[in-house]
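File shown: work-v8.csv (CSV, C-alpha atoms).
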```csv
chain,number,residue,atom,x,y,z
O,192,ALA,CA,-45.9,-48.6,22.0
O,193,GLN,CA,-49.4,-47.6,22.9
O,194,SER,CA,-52.4,-49.8,22.4
O,195,VAL,CA,-56.1,-49.4,22.8
O,196,THR,CA,-58.7,-52.0,23.6
O,197,GLN,CA,-62.4,-51.6,22.9
O,198,LEU,CA,-63.9,-54.5,24.6
O,199,ASP,CA,-67.2,-54.5,22.8
O,200,SER,CA,-67.3,-54.9,19.1
O,201,GLN,CA,-71.1,-54.3,19.0
O,202,VAL,CA,-73.5,-52.6,21.4
O,203,PRO,CA,-77.2,-52.7,20.7
O,204,VAL,CA,-79.3,-50.3,22.7
O,205,PHE,CA,-82.9,-49.1,22.7
O,206,GLU,CA,-83.7,-45.5,21.8
O,207,GLU,CA,-83.6,-43.1,24.8
O,208,ALA,CA,-81.7,-45.6,26.9
O,209,PRO,CA,-78.2,-44.8,28.3
O,210,VAL,CA,-75.1,-46.3,26.8
O,211,GLU,CA,-71.5,-46.8,27.7
O,212,LEU,CA,-68.8,-47.7,25.2
O,213,ARG,CA,-65.6,-49.0,26.9
O,214,CYS,CA,-62.1,-48.1,26.1
O,215,ASN,CA,-58.9,-49.1,27.8
O,216,TYR,CA,-55.4,-48.1,26.9
O,217,SER,CA,-51.9,-49.3,27.7
O,218,SER,CA,-50.3,-47.2,30.4
O,219,SER,CA,-48.0,-44.3,29.7
O,220,VAL,CA,-46.6,-41.4,31.6
O,221,SER,CA,-48.7,-38.9,29.6
O,222,VAL,CA,-51.4,-39.6,27.1
O,223,TYR,CA,-53.9,-37.8,25.0
O,224,LEU,CA,-57.2,-39.6,24.5
O,225,PHE,CA,-59.9,-39.2,21.8
O,226,TRP,CA,-63.2,-40.6,20.8
O,227,TYR,CA,-64.2,-40.4,17.1
O,228,VAL,CA,-67.5,-41.3,15.4
O,229,GLN,CA,-67.7,-42.7,11.9
O,230,TYR,CA,-70.9,-42.8,9.9
O,231,PRO,CA,-71.1,-45.2,6.9
O,232,ASN,CA,-68.8,-44.3,4.1
O,233,GLN,CA,-67.6,-41.2,5.8
O,234,GLY,CA,-64.4,-40.1,7.6
O,235,LEU,CA,-64.0,-39.6,11.3
O,236,GLN,CA,-65.5,-36.9,13.3
O,237,LEU,CA,-64.1,-35.9,16.7
O,238,LEU,CA,-66.6,-36.4,19.6
O,239,LEU,CA,-64.3,-35.3,22.4
O,240,LYS,CA,-60.8,-35.4,23.7
O,241,TYR,CA,-58.8,-35.4,26.9
O,242,LEU,CA,-55.5,-33.6,27.0
O,243,SER,CA,-55.2,-32.6,30.6
O,244,GLY,CA,-57.2,-31.0,33.4
O,245,SER,CA,-60.7,-32.2,34.4
O,246,THR,CA,-61.1,-35.9,34.0
O,247,LEU,CA,-64.7,-35.6,32.9
O,248,VAL,CA,-64.8,-34.4,29.3
O,249,LYS,CA,-67.9,-33.3,27.5
O,250,GLY,CA,-68.2,-33.5,23.8
O,251,ILE,CA,-70.6,-33.0,20.9
O,252,ASN,CA,-74.0,-34.7,20.5
O,253,GLY,CA,-74.5,-35.1,24.3
O,254,PHE,CA,-71.5,-37.5,24.7
O,255,GLU,CA,-69.1,-37.4,27.6
O,256,ALA,CA,-66.1,-39.5,28.7
O,257,GLU,CA,-64.2,-39.9,31.9
O,258,PHE,CA,-60.5,-40.3,32.1
O,259,ASN,CA,-59.5,-42.8,34.8
O,260,LYS,CA,-55.8,-43.0,35.2
O,261,SER,CA,-55.7,-45.8,37.8
O,262,GLN,CA,-57.9,-48.0,35.6
O,263,THR,CA,-56.3,-46.7,32.3
O,264,SER,CA,-59.8,-46.3,30.9
O,265,PHE,CA,-61.6,-43.6,28.9
O,266,HIS,CA,-65.2,-44.9,28.6
O,267,LEU,CA,-67.7,-43.0,26.5
O,268,ARG,CA,-71.2,-42.4,27.8
O,269,LYS,CA,-74.5,-40.9,26.7
O,270,PRO,CA,-77.5,-40.7,29.0
O,271,SER,CA,-80.1,-41.1,26.3
O,272,VAL,CA,-79.3,-42.2,22.8
O,273,HIS,CA,-81.1,-41.4,19.5
O,274,ILE,CA,-81.5,-43.4,16.3
O,275,SER,CA,-79.1,-41.0,14.7
O,276,ASP,CA,-76.3,-42.1,17.1
O,277,THR,CA,-76.1,-45.4,15.2
O,278,ALA,CA,-72.5,-45.5,13.9
O,279,GLU,CA,-69.0,-46.8,14.5
O,280,TYR,CA,-67.1,-45.4,17.5
O,281,PHE,CA,-63.4,-45.4,17.8
O,282,CYS,CA,-61.2,-44.7,20.8
O,283,ALA,CA,-57.7,-43.4,20.1
O,284,VAL,CA,-54.7,-42.6,22.1
O,285,SER,CA,-51.3,-40.9,21.5
O,286,ASP,CA,-48.4,-40.0,23.7
O,287,SER,CA,-47.7,-36.4,24.2
O,288,GLY,CA,-45.5,-35.4,21.4
O,289,ASN,CA,-45.3,-35.9,17.7
O,290,THR,CA,-46.7,-39.5,17.5
O,291,PRO,CA,-49.6,-40.6,15.4
O,292,LEU,CA,-52.9,-41.8,16.9
O,293,VAL,CA,-53.4,-45.4,17.7
O,294,PHE,CA,-56.9,-46.6,17.2
O,295,GLY,CA,-59.0,-49.3,18.9
O,296,LYS,CA,-60.9,-51.7,16.7
O,297,GLY,CA,-64.1,-49.8,17.1
O,298,THR,CA,-67.5,-50.4,18.6
O,299,ARG,CA,-70.6,-50.6,16.5
O,300,LEU,CA,-73.4,-48.8,18.3
O,301,SER,CA,-76.9,-49.8,17.0
O,302,VAL,CA,-79.8,-47.8,18.4
O,303,ILE,CA,-83.1,-49.7,18.2
O,304,ALA,CA,-86.4,-47.9,17.9
T,289,GLY,CA,-62.1,-24.4,11.1
T,290,ALA,CA,-59.7,-27.3,10.7
T,291,VAL,CA,-61.3,-28.8,7.6
T,292,VAL,CA,-59.5,-31.6,5.6
T,293,SER,CA,-60.7,-32.5,2.1
T,294,GLN,CA,-59.9,-35.6,0.0
T,295,HIS,CA,-60.2,-36.0,-3.7
T,296,PRO,CA,-61.7,-38.0,-5.2
T,297,SER,CA,-64.3,-39.3,-2.8
T,298,TRP,CA,-64.5,-42.6,-4.8
T,299,VAL,CA,-62.7,-44.1,-7.7
T,300,ILE,CA,-63.0,-47.3,-9.7
T,301,CYS,CA,-60.0,-48.3,-11.8
T,302,LYS,CA,-58.7,-51.3,-13.7
T,303,SER,CA,-56.1,-53.6,-12.3
T,304,GLY,CA,-52.6,-52.4,-13.2
T,305,THR,CA,-53.4,-48.7,-13.3
T,306,SER,CA,-52.2,-46.0,-10.8
T,307,VAL,CA,-54.5,-43.9,-8.8
T,308,LYS,CA,-53.7,-40.6,-7.0
T,309,ILE,CA,-55.5,-39.4,-4.0
T,310,GLU,CA,-55.2,-35.9,-2.7
T,311,CYS,CA,-55.5,-34.7,0.9
T,312,ARG,CA,-55.7,-31.0,1.6
T,313,SER,CA,-56.0,-29.0,4.8
T,314,LEU,CA,-58.3,-26.1,3.8
T,315,ASP,CA,-57.9,-23.6,6.5
T,316,PHE,CA,-54.8,-24.5,8.4
T,317,GLN,CA,-51.2,-25.5,7.7
T,318,ALA,CA,-50.3,-29.1,8.5
T,319,THR,CA,-46.7,-30.1,9.1
T,320,THR,CA,-47.7,-33.7,9.4
T,321,MET,CA,-50.3,-35.7,7.5
T,322,PHE,CA,-51.2,-39.3,8.0
T,323,TRP,CA,-52.5,-41.9,5.7
T,324,TYR,CA,-54.8,-44.7,6.9
T,325,ARG,CA,-56.4,-47.7,5.3
T,326,GLN,CA,-59.6,-49.1,6.5
T,327,PHE,CA,-61.1,-52.5,5.4
T,328,PRO,CA,-64.8,-53.1,5.8
T,329,LYS,CA,-65.9,-53.3,9.4
T,330,GLN,CA,-62.4,-52.9,10.7
T,331,SER,CA,-60.4,-50.2,12.3
T,332,LEU,CA,-58.0,-47.7,10.8
T,333,MET,CA,-54.6,-48.9,10.1
T,334,LEU,CA,-51.8,-46.4,9.8
T,335,MET,CA,-50.0,-46.7,6.6
T,336,ALA,CA,-47.5,-43.8,6.7
T,337,THR,CA,-46.7,-40.5,8.3
T,338,SER,CA,-45.9,-37.7,5.9
T,339,ASN,CA,-43.9,-34.6,6.9
T,340,GLU,CA,-43.8,-31.6,4.7
T,341,GLY,CA,-40.6,-31.5,2.7
T,342,SER,CA,-39.3,-34.8,3.7
T,343,LYS,CA,-39.7,-38.5,2.9
T,344,ALA,CA,-42.7,-40.3,4.4
T,345,THR,CA,-42.2,-42.8,7.2
T,346,TYR,CA,-44.0,-46.1,6.4
T,347,GLU,CA,-45.4,-48.5,8.8
T,348,GLN,CA,-44.1,-52.1,8.9
T,349,GLY,CA,-45.6,-54.1,6.1
T,350,VAL,CA,-46.5,-51.2,3.9
T,351,GLU,CA,-44.7,-51.2,0.5
T,352,LYS,CA,-43.3,-47.7,0.0
T,353,ASP,CA,-42.8,-48.4,-3.7
T,354,LYS,CA,-46.5,-49.3,-4.1
T,355,PHE,CA,-47.9,-46.5,-2.0
T,356,LEU,CA,-46.1,-43.3,-3.0
T,357,ILE,CA,-46.6,-40.4,-0.7
T,358,ASN,CA,-45.7,-36.8,-1.5
T,359,HIS,CA,-46.1,-33.9,0.9
T,360,ALA,CA,-45.1,-31.0,-1.2
T,361,SER,CA,-46.6,-28.2,0.8
T,362,LEU,CA,-48.1,-27.5,4.2
T,363,THR,CA,-51.6,-28.0,2.8
T,364,LEU,CA,-51.3,-30.9,0.4
T,365,SER,CA,-50.3,-34.5,0.6
T,366,THR,CA,-50.9,-37.1,-2.1
T,367,LEU,CA,-51.0,-40.9,-2.0
T,368,THR,CA,-50.5,-42.7,-5.3
T,369,VAL,CA,-51.4,-46.4,-5.4
T,370,THR,CA,-49.2,-47.7,-8.2
T,371,SER,CA,-50.1,-50.7,-10.3
T,372,ALA,CA,-53.3,-51.2,-8.3
T,373,HIS,CA,-54.7,-54.7,-7.8
T,374,PRO,CA,-58.1,-55.8,-6.4
T,375,GLU,CA,-56.5,-56.4,-3.0
T,376,ASP,CA,-55.8,-52.7,-2.8
T,377,SER,CA,-59.5,-52.0,-2.8
T,378,SER,CA,-60.2,-50.2,0.4
T,379,PHE,CA,-61.2,-47.0,2.1
T,380,TYR,CA,-58.3,-44.6,2.4
T,381,ILE,CA,-58.4,-41.8,4.9
T,382,CYS,CA,-56.0,-39.0,5.5
T,383,SER,CA,-55.6,-36.8,8.5
T,384,ALA,CA,-53.7,-33.7,9.2
T,385,ARG,CA,-52.1,-32.3,12.3
T,386,ALA,CA,-52.0,-28.5,12.7
T,387,LEU,CA,-48.7,-26.6,12.6
T,388,ALA,CA,-49.5,-25.2,16.1
T,389,GLY,CA,-50.2,-28.7,17.5
T,390,ARG,CA,-53.6,-28.6,19.2
T,391,GLY,CA,-52.8,-31.3,21.7
T,392,ASN,CA,-51.8,-33.7,19.0
T,393,GLU,CA,-55.3,-33.6,17.5
T,394,GLN,CA,-55.7,-34.9,14.0
T,395,PHE,CA,-58.3,-33.7,11.6
T,396,PHE,CA,-59.6,-36.3,9.3
T,397,GLY,CA,-60.6,-36.1,5.7
T,398,PRO,CA,-63.9,-37.8,4.5
T,399,GLY,CA,-62.1,-40.7,2.9
T,400,THR,CA,-61.6,-42.1,-0.6
T,401,ARG,CA,-63.2,-45.4,-1.6
T,402,LEU,CA,-61.0,-47.2,-4.0
T,403,THR,CA,-62.3,-50.2,-6.0
T,404,VAL,CA,-59.9,-52.0,-8.3
T,405,LEU,CA,-61.5,-54.3,-10.9
```

Exercise: express the given structure as structure tokens:
Amino acid sequence: AQSVTQLDSQVPVFEEAPVELRCNYSSSVSVYLFWYVQYPNQGLQLLLKYLSGSTLVKGINGFEAEFNKSQTSFHLRKPSVHISDTAEYFCAVSDSGNTPLVFGKGTRLSVIA
Amino acid sequence: GAVVSQHPSWVICKSGTSVKIECRSLDFQATTMFWYRQFPKQSLMLMATSNEGSKATYEQGVEKDKFLINHASLTLSTLTVTSAHPEDSSFYICSARALAGRGNEQFFGPGTRLTVL
């Protein structure tokens, strides 16, 4: 079964600084990878996804992630964060096919003015 | 496109009562819907997978008689928490996967906050 590890439970960062949120997954022949953002008391919003093709994926709100098969990683990055980026971020993975998503434990990003 | 709604957005009930939560895909058909539970400051835990017209598949440790799931149509799934107790208080989130399968992407509802007194 797939598993996802988000190494950092909390990441504080100053406004306009770059940020990287780390995500590693257990190896599989074929995987789909996702990053979701959750604002307080809300559902999940898809930031970006990797299905196939280019390993650098660009998403909404200026976020991007790079799929690294050899390191089984899918780290999320943003070159300059805003206060409004403060939220919980979840990495998720599924095998190709009809399987549900498996989520990491989440990383709380706190942007400091 | 790909909007999923949940109703109600929040509910407070007395211990022992049953609560029904609806999950609807508004602009697409969903063969599969998923129900998750999220405790404060924790990740989403999959409770069950619901396929239209068939019985739901529950994850280990989830009581199927307590959490009744019905997926009567391609746009509606319901979760009923029967005889709710305070420990059932949680944030319940549903998601739906499109009929045409967009790379296994799931679209999430806004969640339902359940508080059992």

Tell me, in Å to one decimal, how far atom CA of Asp286 of chain O is from atom CA of Arg385 of chain T.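 Computing the Euclidean distance for atom CA of Asp286 of chain O and atom CA of Arg385 of chain T yields 14.2 Å.
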
Residue list for chain T near chain O as a PDB file with C-alpha atoms, in the coordinates of the input, 9 Å, all atoms listed in the file:
```pdb
ATOM      1  CA  THR T 320     -47.700 -33.700   9.400  1.00  0.00           C
ATOM      2  CA  PHE T 322     -51.200 -39.300   8.000  1.00  0.00           C
ATOM      3  CA  LYS T 329     -65.900 -53.300   9.400  1.00  0.00           C
ATOM      4  CA  GLN T 330     -62.400 -52.900  10.700  1.00  0.00           C
ATOM      5  CA  SER T 331     -60.400 -50.200  12.300  1.00  0.00           C
ATOM      6  CA  LEU T 332     -58.000 -47.700  10.800  1.00  0.00           C
ATOM      7  CA  MET T 333     -54.600 -48.900  10.100  1.00  0.00           C
ATOM      8  CA  LEU T 334     -51.800 -46.400   9.800  1.00  0.00           C
ATOM      9  CA  THR T 337     -46.700 -40.500   8.300  1.00  0.00           C
ATOM     10  CA  PHE T 379     -61.200 -47.000   2.100  1.00  0.00           C
ATOM     11  CA  ILE T 381     -58.400 -41.800   4.900  1.00  0.00           C
ATOM     12  CA  CYS T 382     -56.000 -39.000   5.500  1.00  0.00           C
ATOM     13  CA  GLY T 389     -50.200 -28.700  17.500  1.00  0.00           C
ATOM     14  CA  GLY T 391     -52.800 -31.300  21.700  1.00  0.00           C
ATOM     15  CA  ASN T 392     -51.800 -33.700  19.000  1.00  0.00           C
ATOM     16  CA  GLU T 393     -55.300 -33.600  17.500  1.00  0.00           C
ATOM     17  CA  GLN T 394     -55.700 -34.900  14.000  1.00  0.00           C
ATOM     18  CA  PHE T 395     -58.300 -33.700  11.600  1.00  0.00           C
ATOM     19  CA  PHE T 396     -59.600 -36.300   9.300  1.00  0.00           C
ATOM     20  CA  GLY T 397     -60.600 -36.100   5.700  1.00  0.00           C
ATOM     21  CA  PRO T 398     -63.900 -37.800   4.500  1.00  0.00           C
ATOM     22  CA  GLY T 399     -62.100 -40.700   2.900  1.00  0.00           C
ATOM     23  CA  THR T 400     -61.600 -42.100  -0.600  1.00  0.00           C
ATOM     24  CA  ARG T 401     -63.200 -45.400  -1.600  1.00  0.00           C
TER      25      ARG T 401
END
```

Skip segment 299-301 of chain T itself and residues of its chain fewer than 3 positions away, then list as a list in words all residues within 7 Å of it, counting only C-alpha atoms. Pro296, Thr305, Arg401, Leu402, Thr403, Val404 and Leu405 of chain T

Using atom CA of Ile274 of chain O and atom CA of Ala208 of chain O as the two end points, give the distance in Å to one decimal. 10.8 Å

Show which residues sit within 12 Å of segment 244-254 of chain O, as a PyMOL selection string. Count all atoms listed in the file, and ignore same-chain residues fewer than 2 positions away. chain O and resi 209-212+223-228+236-242+256-261+263-273+275-276+280

Taking every listed atom of segment 318-334 of chain T and adding 6 Å to each side, what centre and edge lengths in Å (one decimal) does the axis-aligned box have, as lines of an AutoDock Vina configuration file?
```
center_x = -56.3
center_y = -41.2
center_z = 8.8
size_x = 31.2
size_y = 36.2
size_z = 19.0
```

From the options T:Met335, T:Ser293, T:Ile357, T:Lys302, which residue's atoms come nearest to Pro374 of chain T, counting all atoms listed in the file?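 That would be T:Lys302, the residue with the smallest distance to Pro374 of chain T.
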
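Using all atoms listed in the file, the nearest neighbour of Gln317 of chain T within the list T:Ser365, T:Thr370, T:Ser342, T:Asn358 is T:Ser365.
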
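Atom to atom, atom CA of Ser306 of chain T and atom CA of Ser371 of chain T stand 5.2 Å apart.
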
For segment 343-354 of chain T, supply all heavy atoms and report the output as a CSV table (one decimal), in the frame of the given file.
```csv
chain,number,residue,atom,x,y,z
T,343,LYS,N,-39.2,-37.2,3.3
T,343,LYS,CA,-39.7,-38.5,2.9
T,343,LYS,C,-40.7,-39.0,4.0
T,343,LYS,O,-40.5,-38.8,5.2
T,343,LYS,CB,-38.6,-39.5,2.7
T,343,LYS,CG,-37.7,-39.2,1.5
T,343,LYS,CD,-36.7,-40.3,1.3
T,343,LYS,CE,-35.8,-40.0,0.1
T,343,LYS,NZ,-34.8,-41.1,-0.1
T,344,ALA,N,-41.7,-39.7,3.5
T,344,ALA,CA,-42.7,-40.3,4.4
T,344,ALA,C,-42.1,-41.5,5.2
T,344,ALA,O,-41.2,-42.2,4.7
T,344,ALA,CB,-43.9,-40.8,3.6
T,345,THR,N,-42.6,-41.7,6.3
T,345,THR,CA,-42.2,-42.8,7.2
T,345,THR,C,-43.3,-43.9,7.1
T,345,THR,O,-44.5,-43.6,7.5
T,345,THR,CB,-42.0,-42.4,8.6
T,345,THR,OG1,-41.0,-41.4,8.7
T,345,THR,CG2,-41.6,-43.6,9.5
T,346,TYR,N,-43.0,-45.0,6.6
T,346,TYR,CA,-44.0,-46.1,6.4
T,346,TYR,C,-44.0,-47.0,7.6
T,346,TYR,O,-43.0,-47.4,8.2
T,346,TYR,CB,-43.7,-46.8,5.1
T,346,TYR,CG,-43.9,-46.0,3.8
T,346,TYR,CD1,-42.9,-45.1,3.4
T,346,TYR,CD2,-45.1,-46.1,3.1
T,346,TYR,CE1,-43.1,-44.4,2.3
T,346,TYR,CE2,-45.3,-45.4,2.0
T,346,TYR,CZ,-44.3,-44.5,1.5
T,346,TYR,OH,-44.5,-43.7,0.4
T,347,GLU,N,-45.2,-47.5,7.8
T,347,GLU,CA,-45.4,-48.5,8.8
T,347,GLU,C,-44.9,-49.9,8.3
T,347,GLU,O,-44.8,-50.1,7.1
T,347,GLU,CB,-46.8,-48.6,9.3
T,347,GLU,CG,-47.3,-47.4,10.0
T,347,GLU,CD,-46.6,-47.0,11.2
T,347,GLU,OE1,-46.6,-47.9,12.2
T,347,GLU,OE2,-46.0,-45.9,11.3
T,348,GLN,N,-44.6,-50.7,9.2
T,348,GLN,CA,-44.1,-52.1,8.9
T,348,GLN,C,-45.1,-52.8,8.0
T,348,GLN,O,-46.3,-52.8,8.4
T,348,GLN,CB,-43.8,-52.9,10.1
T,348,GLN,CG,-43.0,-54.1,9.9
T,348,GLN,CD,-42.6,-54.8,11.2
T,348,GLN,OE1,-43.0,-54.4,12.3
T,348,GLN,NE2,-41.7,-55.8,11.1
T,349,GLY,N,-44.7,-53.4,6.9
T,349,GLY,CA,-45.6,-54.1,6.1
T,349,GLY,C,-46.2,-53.3,5.0
T,349,GLY,O,-46.9,-53.9,4.1
T,350,VAL,N,-46.0,-52.0,5.0
T,350,VAL,CA,-46.5,-51.2,3.9
T,350,VAL,C,-45.4,-50.9,2.9
T,350,VAL,O,-44.4,-50.5,3.2
T,350,VAL,CB,-47.0,-49.8,4.4
T,350,VAL,CG1,-47.5,-48.9,3.3
T,350,VAL,CG2,-48.1,-50.1,5.5
T,351,GLU,N,-45.7,-51.3,1.6
T,351,GLU,CA,-44.7,-51.2,0.5
T,351,GLU,C,-44.6,-49.7,0.1
T,351,GLU,O,-45.5,-49.2,-0.5
T,351,GLU,CB,-45.1,-52.0,-0.6
T,351,GLU,CG,-45.2,-53.5,-0.3
T,351,GLU,CD,-45.7,-54.3,-1.5
T,351,GLU,OE1,-45.1,-54.2,-2.6
T,351,GLU,OE2,-46.8,-54.9,-1.4
T,352,LYS,N,-43.5,-49.1,0.3
T,352,LYS,CA,-43.3,-47.7,0.0
T,352,LYS,C,-43.3,-47.5,-1.5
T,352,LYS,O,-43.6,-46.4,-2.0
T,352,LYS,CB,-42.1,-47.1,0.6
T,352,LYS,CG,-40.8,-47.8,0.2
T,352,LYS,CD,-39.6,-47.2,0.9
T,352,LYS,CE,-38.3,-47.8,0.5
T,352,LYS,NZ,-37.1,-47.2,1.2
T,353,ASP,N,-42.9,-48.5,-2.3
T,353,ASP,CA,-42.8,-48.4,-3.7
T,353,ASP,C,-44.2,-48.5,-4.4
T,353,ASP,O,-44.4,-48.1,-5.5
T,353,ASP,CB,-41.9,-49.4,-4.4
T,353,ASP,CG,-40.4,-49.1,-3.9
T,353,ASP,OD1,-40.1,-47.9,-3.7
T,353,ASP,OD2,-39.7,-50.1,-3.8
T,354,LYS,N,-45.1,-49.1,-3.6
T,354,LYS,CA,-46.5,-49.3,-4.1
T,354,LYS,C,-47.3,-48.1,-3.7
T,354,LYS,O,-48.2,-47.7,-4.5
T,354,LYS,CB,-47.1,-50.6,-3.6
T,354,LYS,CG,-48.5,-50.8,-4.1
T,354,LYS,CD,-48.9,-52.2,-3.8
T,354,LYS,CE,-50.3,-52.5,-4.5
T,354,LYS,NZ,-50.2,-52.3,-5.9
```
